[in-house]
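Chemist: Starting off with a structure, shown below.
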Amino acid sequence: MSLVEFQQTADVGRIILNRPEAGNSVNPALIADLGKAVDAACAAPVRAILIEARGANFSLGGDVRHLAAVGDGVAAELHDMATRFHIAQLRLCQLPVPILSAVRGNAIGGGFGLALSADFLICSDGARFSTGYSRLGLSADAGVSYFLTRAIGARRAAALLIDARFVPADEAVTIGIADRQVPDGDLDGAAEQWAAELAAGPTSAIAAIKRLTDEARTNSLAEQLDRETAEITALAKRQDVIAAVSAIAARAKPVFEG
């Protein structure tokens with residue numbers, strides 16, 4: 001049985017962590033299956049991705065029992081695991097479609113980083129988030145330092161990495177880690193509905209927005225204005241965008257093909 005599954009429902013691709021008996025903790029086998037699931041997502045004709053997990057927890061992070069078992073080889077093992085996780089994660093983040101993660105229970109360490117990889121994050125009211133690393137004397141992987149810094153600022157990100165405290169769902173929404181919080185029993189349905197709405201939206205525009213906001217971190221204002229002109233002009237040449245402008249002008253609902 002795959003420890004990470006890929007499924008497709010209509011236009012939505014689903015990446016599902018499937019090691020619930022171990023809290024979806026991250027070991028080499030799960031990382032290998034994550035890579036396969038991301039490969040499948042890249043090859044599939046999907047318009048949105050939903051990242052979710054089976055069981056009570058999204059992910060408890062790195063499998064500490066596995067790391068303890070390698071003894072003095074833990075540095076080499078972590079290097080290999082982080083490298084392969086990051087390859088899959090980067091491919092996932094580069095997909096030109098909106099990505100949504102749905103978090104129930106705990107999201108810790110690398111699991112937290114995977115959830116933060118998404119463009120949007122919805123969580124249950126019992127969800128908790130923690131970097132976790134400093135409790136083991138470690139720093140960060142899975143993009144946690146990158147995504148947290150972008151979401152909540154460098155000072156607050158450093159504080160959460162240093163103290164590794166658990167952030168409850170309501171605080172996660174307030175400070176910008178999560179976008180929406182719903183009752184636990186509503187999480188699956190709410191996540192599926194949101195993913196379907198994203199898939200029906202202007203995915204080419206969303207891809208352009210993702211590029212622009214990523215480039216804005218390093219571009220000058222002049223460079224960013226030029227990039228905005230290029231992206232909006234390219235989108236305006238699309239037939240579905242031309243039709244959408246006419247539809248909205250006529251107070252009708254637009255339909256997007258890409």
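Residues are referred to by chain and number: the chain letter is A, B, ... according to the order shown in the structure tokens, the number counts from 1 in that chain, and ligands are numbered separately from 1 in the order shown.
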Can you pull out every residue from range 61-172 of chain A that DSSP, working from the backbone, puts in strand (DSSP E), and format the result as a PyMOL selection string?

Modeler: chain A and resi 99-103+106-108+120-124+128-130+167-168

Chemist: Contacts of range 2-5 of chain A at 9 Å or less, counting only C-alpha atoms, minus same-chain residues fewer than 2 places along, as a PyMOL selection string?

Modeler: chain A and resi 7+14-19+24+29-37+53

Chemist: What gap, in Å, lies between CA of Asp63 in chain A and CA of Pro20 in chain A?

Modeler: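 Taking CA of Asp63 in chain A as the start and CA of Pro20 in chain A as the end point, the length is 12.6 Å.
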
Chemist: Extract, using only C-alpha atoms, all DNA, RNA and protein residues at most 12 Å from Ser139 in chain A, discarding same-chain residues fewer than 4 positions from it, and format them as a list in words.

Modeler: Leu78, Gly109, Gly110, Thr131, Gly132, Tyr133, Ser134, Arg135, Gly143, Val144, Ser145, Ala157, Ala158, Ala159, Leu160, Leu161, Ile162, Asp163 and Ala164 of chain A

Chemist: Mind running range 56-138 of chain A against range 186-201 of chain A at 7 Å and telling me each contacting residue's nearest atom pair with the distance in Å (one decimal), counting only C-alpha atoms, chain and number ascending, as a Markdown table?

Modeler:
| residue | atom | partner | partner_atom | distance |
| --- | --- | --- | --- | --- |
| A:Pro98 | CA | A:Leu198 | CA | 6.6 |
| A:Leu100 | CA | A:Ala195 | CA | 6.6 |
| A:Ala102 | CA | A:Ala191 | CA | 6.2 |
| A:Ile122 | CA | A:Ala191 | CA | 6.9 |
| A:Cys123 | CA | A:Leu187 | CA | 6.8 |
| A:Ser124 | CA | A:Leu187 | CA | 5.8 |

Chemist: Only N, CA, C and O atoms, please: the residues just picked out, written as a PDB file, in the first residue's frame.

Modeler:
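Full text of selection-v4.pdb as output:
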ATOM      1  N   PRO A  98      -3.674  26.080  -8.709  1.00  0.00           N
ATOM      2  CA  PRO A  98      -3.822  26.371  -7.280  1.00  0.00           C
ATOM      3  C   PRO A  98      -3.728  25.106  -6.438  1.00  0.00           C
ATOM      4  O   PRO A  98      -4.215  24.033  -6.837  1.00  0.00           O
ATOM      5  N   LEU A 100      -4.291  23.527  -2.489  1.00  0.00           N
ATOM      6  CA  LEU A 100      -4.962  23.699  -1.199  1.00  0.00           C
ATOM      7  C   LEU A 100      -4.568  22.552  -0.285  1.00  0.00           C
ATOM      8  O   LEU A 100      -4.553  21.397  -0.707  1.00  0.00           O
ATOM      9  N   ALA A 102      -5.446  20.652   3.477  1.00  0.00           N
ATOM     10  CA  ALA A 102      -6.483  20.515   4.499  1.00  0.00           C
ATOM     11  C   ALA A 102      -5.866  19.807   5.696  1.00  0.00           C
ATOM     12  O   ALA A 102      -5.422  18.656   5.586  1.00  0.00           O
ATOM     13  N   ILE A 122      -6.680  25.228   4.739  1.00  0.00           N
ATOM     14  CA  ILE A 122      -7.891  25.158   5.545  1.00  0.00           C
ATOM     15  C   ILE A 122      -7.648  24.131   6.646  1.00  0.00           C
ATOM     16  O   ILE A 122      -6.989  23.110   6.419  1.00  0.00           O
ATOM     17  N   CYS A 123      -8.123  24.408   7.850  1.00  0.00           N
ATOM     18  CA  CYS A 123      -7.862  23.496   8.963  1.00  0.00           C
ATOM     19  C   CYS A 123      -9.115  23.290   9.791  1.00  0.00           C
ATOM     20  O   CYS A 123     -10.034  24.111   9.766  1.00  0.00           O
ATOM     21  N   SER A 124      -9.130  22.197  10.526  1.00  0.00           N
ATOM     22  CA  SER A 124     -10.212  21.942  11.466  1.00  0.00           C
ATOM     23  C   SER A 124      -9.971  22.749  12.732  1.00  0.00           C
ATOM     24  O   SER A 124      -8.848  23.193  13.008  1.00  0.00           O
TER      25      SER A 124
END

Chemist: Name the residues of range 196-241 of chain A that come out as alpha helix (DSSP H) in a backbone DSSP run; write them as a PyMOL selection string.

Modeler: chain A and resi 196-199+203-215+221-236+239-241

Chemist: Which residue out of A:Ala68, A:Ile206, A:Val26, A:Val182 has the minimum interatomic distance to Leu235 in chain A when only C-alpha atoms are used?

Modeler: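 That would be A:Ile206, the residue with the smallest distance to Leu235 in chain A.
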
Chemist: Find, counting only C-alpha atoms, the residue in A:Gly13, A:Pro202, A:Glu223, A:Ala216 that gets nearest to Val241 in chain A.

Modeler: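 So, comparing all the options, the nearest one is A:Pro202.
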
Chemist: Of the candidates A:Ala169, A:Cys93, A:Ile49, A:Ala140, which one gets nearest to Ala127 in chain A if we count only C-alpha atoms?

Modeler: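 Using only C-alpha atoms, Ala127 in chain A sits closest to A:Ala169.
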
Chemist: From the list A:Val245, A:Gly185, A:Leu67, A:Thr203, which residue is nearest Gly258 in chain A when using only C-alpha atoms?

Modeler: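 Nearest to Gly258 in chain A: A:Thr203.
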
Chemist: What does the distance between CA of Thr213 in chain A and CA of Leu225 in chain A come to in Å, to one decimal place?

Modeler: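 Here the two named atoms are 11.9 Å from each other.
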